[in-house]
Each structure stands twice: as structure tokens, then as C-alpha cells.
$ cat upload_28.cif   # mmCIF, C-alpha atoms
data_work
#
loop_
_atom_site.label_atom_id
_atom_site.label_comp_id
_atom_site.auth_asym_id
_atom_site.auth_seq_id
_atom_site.Cartn_x
_atom_site.Cartn_y
_atom_site.Cartn_z
CA MET A 1 -29.98 -112.24 -50.04
CA ARG A 2 -32.32 -113.62 -52.61
CA CYS A 3 -30.91 -114.09 -56.13
CA PRO A 4 -32.83 -111.84 -58.56
CA GLU A 5 -32.60 -114.55 -61.29
CA CYS A 6 -33.63 -117.79 -59.57
CA GLY A 7 -34.77 -116.68 -56.09
CA ASN A 8 -32.22 -118.85 -54.28
CA PHE A 9 -31.13 -117.59 -50.85
CA GLU A 10 -27.63 -119.07 -50.92
CA ASP A 11 -24.85 -116.91 -52.32
CA LYS A 12 -21.27 -115.95 -51.70
CA VAL A 13 -19.74 -112.50 -51.50
CA VAL A 14 -17.20 -112.03 -54.30
CA GLU A 15 -16.16 -108.43 -53.62
CA THR A 16 -16.86 -105.77 -50.97
CA ARG A 17 -16.26 -102.01 -51.25
CA GLU A 18 -17.11 -99.07 -49.02
CA SER A 19 -18.45 -95.93 -50.66
CA LYS A 20 -16.26 -92.84 -50.68
CA GLU A 21 -18.67 -91.15 -48.27
CA ARG A 22 -18.64 -94.30 -46.10
CA ASN A 23 -22.41 -94.33 -45.79
CA TYR A 24 -22.99 -97.62 -47.61
CA ILE A 25 -21.21 -100.86 -48.55
CA ARG A 26 -21.36 -102.30 -52.07
CA ARG A 27 -21.15 -106.09 -52.34
CA ARG A 28 -20.84 -108.21 -55.46
CA ARG A 29 -22.48 -111.57 -54.88
CA GLU A 30 -22.67 -114.82 -56.81
CA CYS A 31 -25.64 -117.17 -56.56
CA LEU A 32 -24.55 -120.69 -55.61
CA LYS A 33 -27.39 -122.23 -57.63
CA CYS A 34 -27.44 -120.42 -60.99
CA CYS A 35 -23.96 -118.73 -60.76
CA LYS A 36 -25.37 -115.32 -61.76
CA ARG A 37 -23.70 -112.29 -60.21
CA PHE A 38 -25.58 -109.37 -58.68
CA THR A 39 -24.80 -106.29 -56.61
CA THR A 40 -26.27 -105.31 -53.25
CA TYR A 41 -25.91 -102.08 -51.33
CA GLU A 42 -25.98 -102.04 -47.54
CA LYS A 43 -26.78 -98.73 -45.92
CA ILE A 44 -25.20 -98.07 -42.56
CA GLU A 45 -27.80 -96.73 -40.13
CA ASP A 46 -26.70 -94.61 -37.23
CA ILE A 47 -29.49 -94.60 -34.68
CA PRO A 48 -28.64 -92.14 -31.94
CA MET A 49 -28.83 -93.10 -28.28
CA MET A 50 -31.22 -90.75 -26.46
CA VAL A 51 -31.44 -89.42 -22.91
CA VAL A 52 -34.80 -88.37 -21.44
CA LYS A 53 -34.19 -85.25 -19.37
CA LYS A 54 -35.99 -84.34 -16.13
CA ASP A 55 -38.38 -82.03 -17.99
CA GLY A 56 -39.27 -84.74 -20.55
CA ARG A 57 -37.11 -83.43 -23.40
CA ARG A 58 -35.03 -85.95 -25.31
CA GLU A 59 -31.50 -85.21 -26.33
CA GLU A 60 -28.77 -87.25 -27.95
CA PHE A 61 -26.53 -89.07 -25.49
CA ASP A 62 -23.10 -87.46 -25.18
CA ILE A 63 -20.45 -89.46 -23.34
CA ASP A 64 -18.33 -86.30 -23.08
CA LYS A 65 -20.97 -84.71 -20.83
CA VAL A 66 -20.77 -87.72 -18.52
CA ARG A 67 -16.97 -87.53 -18.47
CA LYS A 68 -16.98 -83.78 -17.76
CA GLY A 69 -19.35 -84.28 -14.83
CA LEU A 70 -17.24 -87.09 -13.45
CA TYR A 71 -13.94 -85.23 -13.85
CA ARG A 72 -15.45 -82.15 -12.22
CA ALA A 73 -16.61 -84.26 -9.24
CA VAL A 74 -13.23 -85.95 -8.74
CA GLU A 75 -11.13 -82.85 -9.38
CA LYS A 76 -8.13 -82.77 -7.00
CA ARG A 77 -9.14 -86.13 -5.49
CA PRO A 78 -6.84 -89.18 -5.40
CA ILE A 79 -8.90 -91.21 -7.87
CA PRO A 80 -7.25 -92.93 -10.85
CA ILE A 81 -8.48 -91.83 -14.27
CA LYS A 82 -8.92 -95.49 -15.17
CA GLN A 83 -11.72 -95.82 -12.60
CA ILE A 84 -13.48 -92.71 -13.90
CA GLU A 85 -13.25 -94.02 -17.47
CA GLN A 86 -14.70 -97.36 -16.34
CA ILE A 87 -17.71 -95.57 -14.88
CA ALA A 88 -18.16 -93.53 -18.08
CA LEU A 89 -17.86 -96.63 -20.29
CA HIS A 90 -20.37 -98.51 -18.16
CA VAL A 91 -22.83 -95.60 -18.49
CA GLU A 92 -22.38 -95.72 -22.26
CA GLU A 93 -22.99 -99.48 -22.18
CA MET A 94 -26.14 -98.94 -20.08
CA VAL A 95 -27.49 -96.52 -22.67
CA SER A 96 -26.73 -98.77 -25.63
CA ASN A 97 -28.34 -101.77 -23.86
CA SER A 98 -31.51 -99.83 -23.03
CA ASP A 99 -33.21 -99.82 -26.44
CA ARG A 100 -31.39 -96.60 -27.30
CA GLU A 101 -33.16 -94.53 -24.65
CA ILE A 102 -32.50 -93.99 -20.94
CA THR A 103 -33.54 -91.43 -18.34
CA VAL A 104 -31.11 -88.95 -16.87
CA GLN A 105 -32.23 -90.24 -13.44
CA GLN A 106 -30.96 -93.74 -14.24
CA ILE A 107 -27.59 -92.35 -15.31
CA GLY A 108 -27.33 -90.02 -12.31
CA GLU A 109 -28.28 -92.71 -9.78
CA TYR A 110 -25.72 -95.12 -11.21
CA ILE A 111 -22.95 -92.51 -11.13
CA MET A 112 -23.82 -91.44 -7.58
CA GLU A 113 -23.82 -95.07 -6.43
CA ARG A 114 -20.38 -95.66 -7.93
CA LEU A 115 -18.92 -92.39 -6.62
CA LYS A 116 -20.31 -93.04 -3.12
CA ALA A 117 -18.36 -96.32 -3.02
CA LEU A 118 -15.28 -94.70 -4.54
CA ASP A 119 -14.92 -91.33 -2.79
CA LYS A 120 -17.37 -89.55 -0.48
CA VAL A 121 -16.19 -86.05 -1.42
CA ALA A 122 -16.60 -86.77 -5.13
CA TYR A 123 -20.04 -88.21 -4.38
CA VAL A 124 -21.15 -85.04 -2.53
CA ARG A 125 -19.80 -82.83 -5.32
CA PHE A 126 -21.64 -84.79 -7.99
CA ALA A 127 -24.81 -85.05 -5.90
CA SER A 128 -24.87 -81.31 -5.26
CA VAL A 129 -25.13 -80.67 -8.99
CA TYR A 130 -27.23 -83.70 -9.95
CA LEU A 131 -29.74 -83.38 -7.08
CA ASP A 132 -29.82 -79.61 -7.60
CA PHE A 133 -29.76 -78.58 -3.95
CA ARG A 134 -31.69 -75.34 -3.55
CA SER A 135 -30.56 -74.55 -0.02
CA LEU A 136 -27.86 -75.24 2.52
CA GLU A 137 -30.37 -77.32 4.51
CA GLU A 138 -30.87 -79.75 1.61
CA PHE A 139 -27.10 -80.07 1.24
CA LEU A 140 -26.61 -80.68 4.97
CA SER A 141 -29.44 -83.22 4.99
CA GLU A 142 -27.65 -85.25 2.30
CA LEU A 143 -24.40 -85.05 4.29
CA HIS A 144 -26.18 -86.26 7.44
CA ASN A 145 -27.69 -89.18 5.50
CA LEU A 146 -24.25 -90.07 4.21
CA LEU A 147 -22.76 -89.95 7.72
CA LYS A 148 -25.59 -92.12 9.14
CA LYS A 149 -25.02 -94.78 6.48
CA GLU A 150 -21.30 -94.89 7.32
CA GLU A 151 -22.01 -95.54 11.03
#
$ encode --input "upload_28.cif" --output "C-alpha cells"
Amino acid sequence: MRCPECGNFEDKVVETRESKERNYIRRRRECLKCCKRFTTYEKIEDIPMMVVKKDGRREEFDIDKVRKGLYRAVEKRPIPIKQIEQIALHVEEMVSNSDREITVQQIGEYIMERLKALDKVAYVRFASVYLDFRSLEEFLSELHNLLKKEE
């Protein structure tokens, strides 16, 4: 911060308070050169993380949607919740590290890769929804590909 009196950039924070609405922080500062006190307000920006859908729409990232999809895929399977939560947290980390925007394909591919290594049945369940199989032949084709890779 630049001192409004002398223009010096060196100061110390004397007091910090959050607003009642918690949307900004008020700081009392003291210039280390001229000893004048001044107040600054820091606004907290909440930039949403976005997901680009298959049709090009953008929607705010929702970790709960990822969790619901994962839990639905592993329903009645012997997979610890801790592993599912690790996948969900890694997806959230991927989104936050991707300049706040990621495609649904990147998320889906990552989840399918992890589920394939974890549990084949959960992988097929997730893939059937994510890949949007239109016919039994498409579903069987994916199963045959999975079986070939195992051999």
C-alpha cells in the first residue's frame, strides 16, 4: 500500500476487522516513514469455477454433482468412501488449477480413468451415463474393449 501522505510503500498493519457481511476486510495501517495512519478496505472476490458442457454452455462447477455421480457409480460396490472423496477432491483441484474453467470431457475422462483402475463395474456404470450409450450395441462394444484391455 502506498501512504496517501508521503507516498511511501512501507507500512505496518495496526488493526484488522472483517465487515459484518464478511464481504470486505478493513485494515488500519501506519506508514513507517511519516507515521501517519490510514485505512484500507480489501474486497473479497469470489470468482466461480466454470465447466464447459458438451453443448458449449458454461455452468458453475458443483463438486456435489461430481460426488453424486461417483456415489451412484459405486453404489453397492466394495469401495471405501475415502477413495471416492479423493477422486472428487482431485477433480476440484483440477478445476481450480485450470484458470477457473475446464471441460466436462476432461472431468469425465479423469473419473473414468480412476474408476477403471478401481472397480470395473463402477467404471461401466459411470461410463454408461457419461458416454451416453444410445443402444445396447454401444454398451457391449465398451464392455468388449474393457475385456480386451484386461487380457
$ residues_around --input "upload_28.cif" --residues "Glu101 in chain A" --least-positions-apart "5" --cutoff "12 Å" --atoms "only C-alpha atoms" --output "ChimeraX atom specification"
/A:47-53,57-61,92-96,106-107
$ resolve_selection --input "upload_28.cif" --expression "the PyMOL selection byres ((chain A and resi 11) around 12)" --output "list in words"
Met1, Arg2, Cys3, Pro4, Cys6, Gly7, Asn8, Phe9, Glu10, Lys12, Val13, Val14, Arg27, Arg28, Arg29, Glu30, Cys31, Leu32, Lys33, Cys34, Cys35, Lys36, Arg37, Phe38, Thr39 and Thr40 of chain A
$ residues_around --input "upload_28.cif" --residues "Pro80 in chain A" --least-positions-apart "6" --cutoff "12 Å" --atoms "all atoms listed in the file" --output "JSON, numbers by chain"
{"A": [70, 71, 74, 86, 87, 118, 119]}
$ resolve_selection --input "upload_28.cif" --expression "the PyMOL selection byres ((chain A and resi 73) around 12)" --output "VMD selection string"
chain A and resid 66 to 72 74 to 79 84 111 to 112 115 to 116 118 to 130
$ atom_distance --input "upload_28.cif" --atom1 "CA of Glu42 in chain A" --atom2 "CA of Arg26 in chain A"
6.5 Å
$ closest_residue --input "upload_28.cif" --among "A:Ala88, A:Glu21, A:Val104, A:Gln83" --to "Gly56 in chain A" --atoms "all atoms listed in the file"
A:Val104
$ closest_residue --input "upload_28.cif" --among "A:Glu5, A:Asp64, A:Glu15, A:Asp55" --to "Tyr41 in chain A" --atoms "all atoms listed in the file"
A:Glu15
$ atom_distance --input "upload_28.cif" --atom1 "CA of Gln105 in chain A" --atom2 "CA of Lys54 in chain A"
7.5 Å
$ decode --input "upload_28.cif" --residues "range 50-79 of chain A" --atoms "N, CA, C and O atoms" --output "JSON list (two decimals), in the first residue's frame"
[["chain", "number", "residue", "atom", "x", "y", "z"],
["A", 50, "MET", "N", -15.77, -22.60, -13.57],
["A", 50, "MET", "CA", -16.76, -22.92, -14.58],
["A", 50, "MET", "C", -16.44, -24.23, -15.30],
["A", 50, "MET", "O", -15.28, -24.59, -15.47],
["A", 51, "VAL", "N", -17.52, -24.91, -15.72],
["A", 51, "VAL", "CA", -17.40, -26.14, -16.50],
["A", 51, "VAL", "C", -18.05, -25.87, -17.86],
["A", 51, "VAL", "O", -19.16, -25.35, -17.93],
["A", 52, "VAL", "N", -17.32, -26.22, -18.92],
["A", 52, "VAL", "CA", -17.85, -26.08, -20.28],
["A", 52, "VAL", "C", -18.52, -27.40, -20.63],
["A", 52, "VAL", "O", -17.87, -28.45, -20.68],
["A", 53, "LYS", "N", -19.83, -27.35, -20.84],
["A", 53, "LYS", "CA", -20.61, -28.55, -21.12],
["A", 53, "LYS", "C", -20.40, -29.00, -22.57],
["A", 53, "LYS", "O", -19.83, -28.29, -23.38],
["A", 54, "LYS", "N", -20.91, -30.19, -22.90],
["A", 54, "LYS", "CA", -20.75, -30.75, -24.25],
["A", 54, "LYS", "C", -21.37, -29.85, -25.32],
["A", 54, "LYS", "O", -20.86, -29.77, -26.43],
["A", 55, "ASP", "N", -22.45, -29.16, -24.99],
["A", 55, "ASP", "CA", -23.11, -28.30, -25.97],
["A", 55, "ASP", "C", -22.56, -26.87, -26.00],
["A", 55, "ASP", "O", -23.10, -26.00, -26.67],
["A", 56, "GLY", "N", -21.47, -26.62, -25.24],
["A", 56, "GLY", "CA", -20.84, -25.31, -25.24],
["A", 56, "GLY", "C", -21.29, -24.38, -24.14],
["A", 56, "GLY", "O", -20.67, -23.34, -23.91],
["A", 57, "ARG", "N", -22.37, -24.73, -23.43],
["A", 57, "ARG", "CA", -22.82, -23.90, -22.32],
["A", 57, "ARG", "C", -21.77, -23.92, -21.20],
["A", 57, "ARG", "O", -21.02, -24.87, -21.07],
["A", 58, "ARG", "N", -21.76, -22.87, -20.42],
["A", 58, "ARG", "CA", -20.90, -22.82, -19.25],
["A", 58, "ARG", "C", -21.79, -22.80, -18.02],
["A", 58, "ARG", "O", -22.78, -22.10, -17.99],
["A", 59, "GLU", "N", -21.37, -23.57, -17.03],
["A", 59, "GLU", "CA", -22.13, -23.57, -15.79],
["A", 59, "GLU", "C", -21.14, -23.65, -14.64],
["A", 59, "GLU", "O", -20.03, -24.14, -14.78],
["A", 60, "GLU", "N", -21.56, -23.12, -13.50],
["A", 60, "GLU", "CA", -20.68, -23.10, -12.34],
["A", 60, "GLU", "C", -20.38, -24.52, -11.88],
["A", 60, "GLU", "O", -21.26, -25.38, -11.83],
["A", 61, "PHE", "N", -19.10, -24.76, -11.55],
["A", 61, "PHE", "CA", -18.67, -26.07, -11.09],
["A", 61, "PHE", "C", -19.34, -26.39, -9.76],
["A", 61, "PHE", "O", -19.39, -25.56, -8.86],
["A", 62, "ASP", "N", -19.84, -27.60, -9.64],
["A", 62, "ASP", "CA", -20.52, -28.05, -8.43],
["A", 62, "ASP", "C", -19.94, -29.40, -8.03],
["A", 62, "ASP", "O", -20.21, -30.41, -8.66],
["A", 63, "ILE", "N", -19.14, -29.39, -6.98],
["A", 63, "ILE", "CA", -18.49, -30.62, -6.52],
["A", 63, "ILE", "C", -19.52, -31.66, -6.10],
["A", 63, "ILE", "O", -19.28, -32.86, -6.20],
["A", 64, "ASP", "N", -20.70, -31.22, -5.66],
["A", 64, "ASP", "CA", -21.73, -32.17, -5.25],
["A", 64, "ASP", "C", -22.23, -33.00, -6.43],
["A", 64, "ASP", "O", -22.57, -34.17, -6.27],
["A", 65, "LYS", "N", -22.26, -32.42, -7.63],
["A", 65, "LYS", "CA", -22.65, -33.19, -8.82],
["A", 65, "LYS", "C", -21.64, -34.29, -9.10],
["A", 65, "LYS", "O", -22.00, -35.40, -9.47],
["A", 66, "VAL", "N", -20.37, -33.97, -8.92],
["A", 66, "VAL", "CA", -19.31, -34.97, -9.12],
["A", 66, "VAL", "C", -19.47, -36.09, -8.10],
["A", 66, "VAL", "O", -19.44, -37.28, -8.45],
["A", 67, "ARG", "N", -19.67, -35.71, -6.84],
["A", 67, "ARG", "CA", -19.85, -36.72, -5.79],
["A", 67, "ARG", "C", -21.06, -37.60, -6.06],
["A", 67, "ARG", "O", -21.00, -38.82, -5.90],
["A", 68, "LYS", "N", -22.18, -37.00, -6.44],
["A", 68, "LYS", "CA", -23.40, -37.79, -6.71],
["A", 68, "LYS", "C", -23.15, -38.79, -7.82],
["A", 68, "LYS", "O", -23.58, -39.95, -7.72],
["A", 69, "GLY", "N", -22.48, -38.37, -8.88],
["A", 69, "GLY", "CA", -22.16, -39.28, -9.98],
["A", 69, "GLY", "C", -21.26, -40.41, -9.53],
["A", 69, "GLY", "O", -21.46, -41.58, -9.91],
["A", 70, "LEU", "N", -20.27, -40.08, -8.72],
["A", 70, "LEU", "CA", -19.36, -41.11, -8.22],
["A", 70, "LEU", "C", -20.08, -42.09, -7.29],
["A", 70, "LEU", "O", -19.92, -43.31, -7.41],
["A", 71, "TYR", "N", -20.86, -41.56, -6.36],
["A", 71, "TYR", "CA", -21.57, -42.44, -5.42],
["A", 71, "TYR", "C", -22.59, -43.32, -6.14],
["A", 71, "TYR", "O", -22.79, -44.48, -5.76],
["A", 72, "ARG", "N", -23.21, -42.79, -7.18],
["A", 72, "ARG", "CA", -24.15, -43.58, -7.95],
["A", 72, "ARG", "C", -23.42, -44.73, -8.67],
["A", 72, "ARG", "O", -23.91, -45.85, -8.73],
["A", 73, "ALA", "N", -22.23, -44.45, -9.19],
["A", 73, "ALA", "CA", -21.45, -45.46, -9.90],
["A", 73, "ALA", "C", -20.94, -46.57, -8.97],
["A", 73, "ALA", "O", -20.86, -47.72, -9.37],
["A", 74, "VAL", "N", -20.61, -46.22, -7.74],
["A", 74, "VAL", "CA", -20.03, -47.21, -6.82],
["A", 74, "VAL", "C", -21.06, -47.79, -5.85],
["A", 74, "VAL", "O", -20.70, -48.54, -4.94],
["A", 75, "GLU", "N", -22.32, -47.46, -6.08],
["A", 75, "GLU", "CA", -23.38, -47.94, -5.20],
["A", 75, "GLU", "C", -23.33, -49.47, -5.09],
["A", 75, "GLU", "O", -23.23, -50.18, -6.10],
["A", 76, "LYS", "N", -23.35, -49.96, -3.85],
["A", 76, "LYS", "CA", -23.32, -51.40, -3.54],
["A", 76, "LYS", "C", -22.05, -52.10, -4.01],
["A", 76, "LYS", "O", -22.04, -53.30, -4.25],
["A", 77, "ARG", "N", -20.96, -51.33, -4.16],
["A", 77, "ARG", "CA", -19.66, -51.89, -4.53],
["A", 77, "ARG", "C", -18.74, -51.76, -3.32],
["A", 77, "ARG", "O", -18.89, -50.85, -2.52],
["A", 78, "PRO", "N", -17.77, -52.66, -3.19],
["A", 78, "PRO", "CA", -16.88, -52.63, -2.01],
["A", 78, "PRO", "C", -15.74, -51.61, -2.17],
["A", 78, "PRO", "O", -14.56, -51.95, -2.18],
["A", 79, "ILE", "N", -16.11, -50.35, -2.29],
["A", 79, "ILE", "CA", -15.13, -49.29, -2.48],
["A", 79, "ILE", "C", -15.23, -48.32, -1.30],
["A", 79, "ILE", "O", -16.31, -47.80, -1.02]]
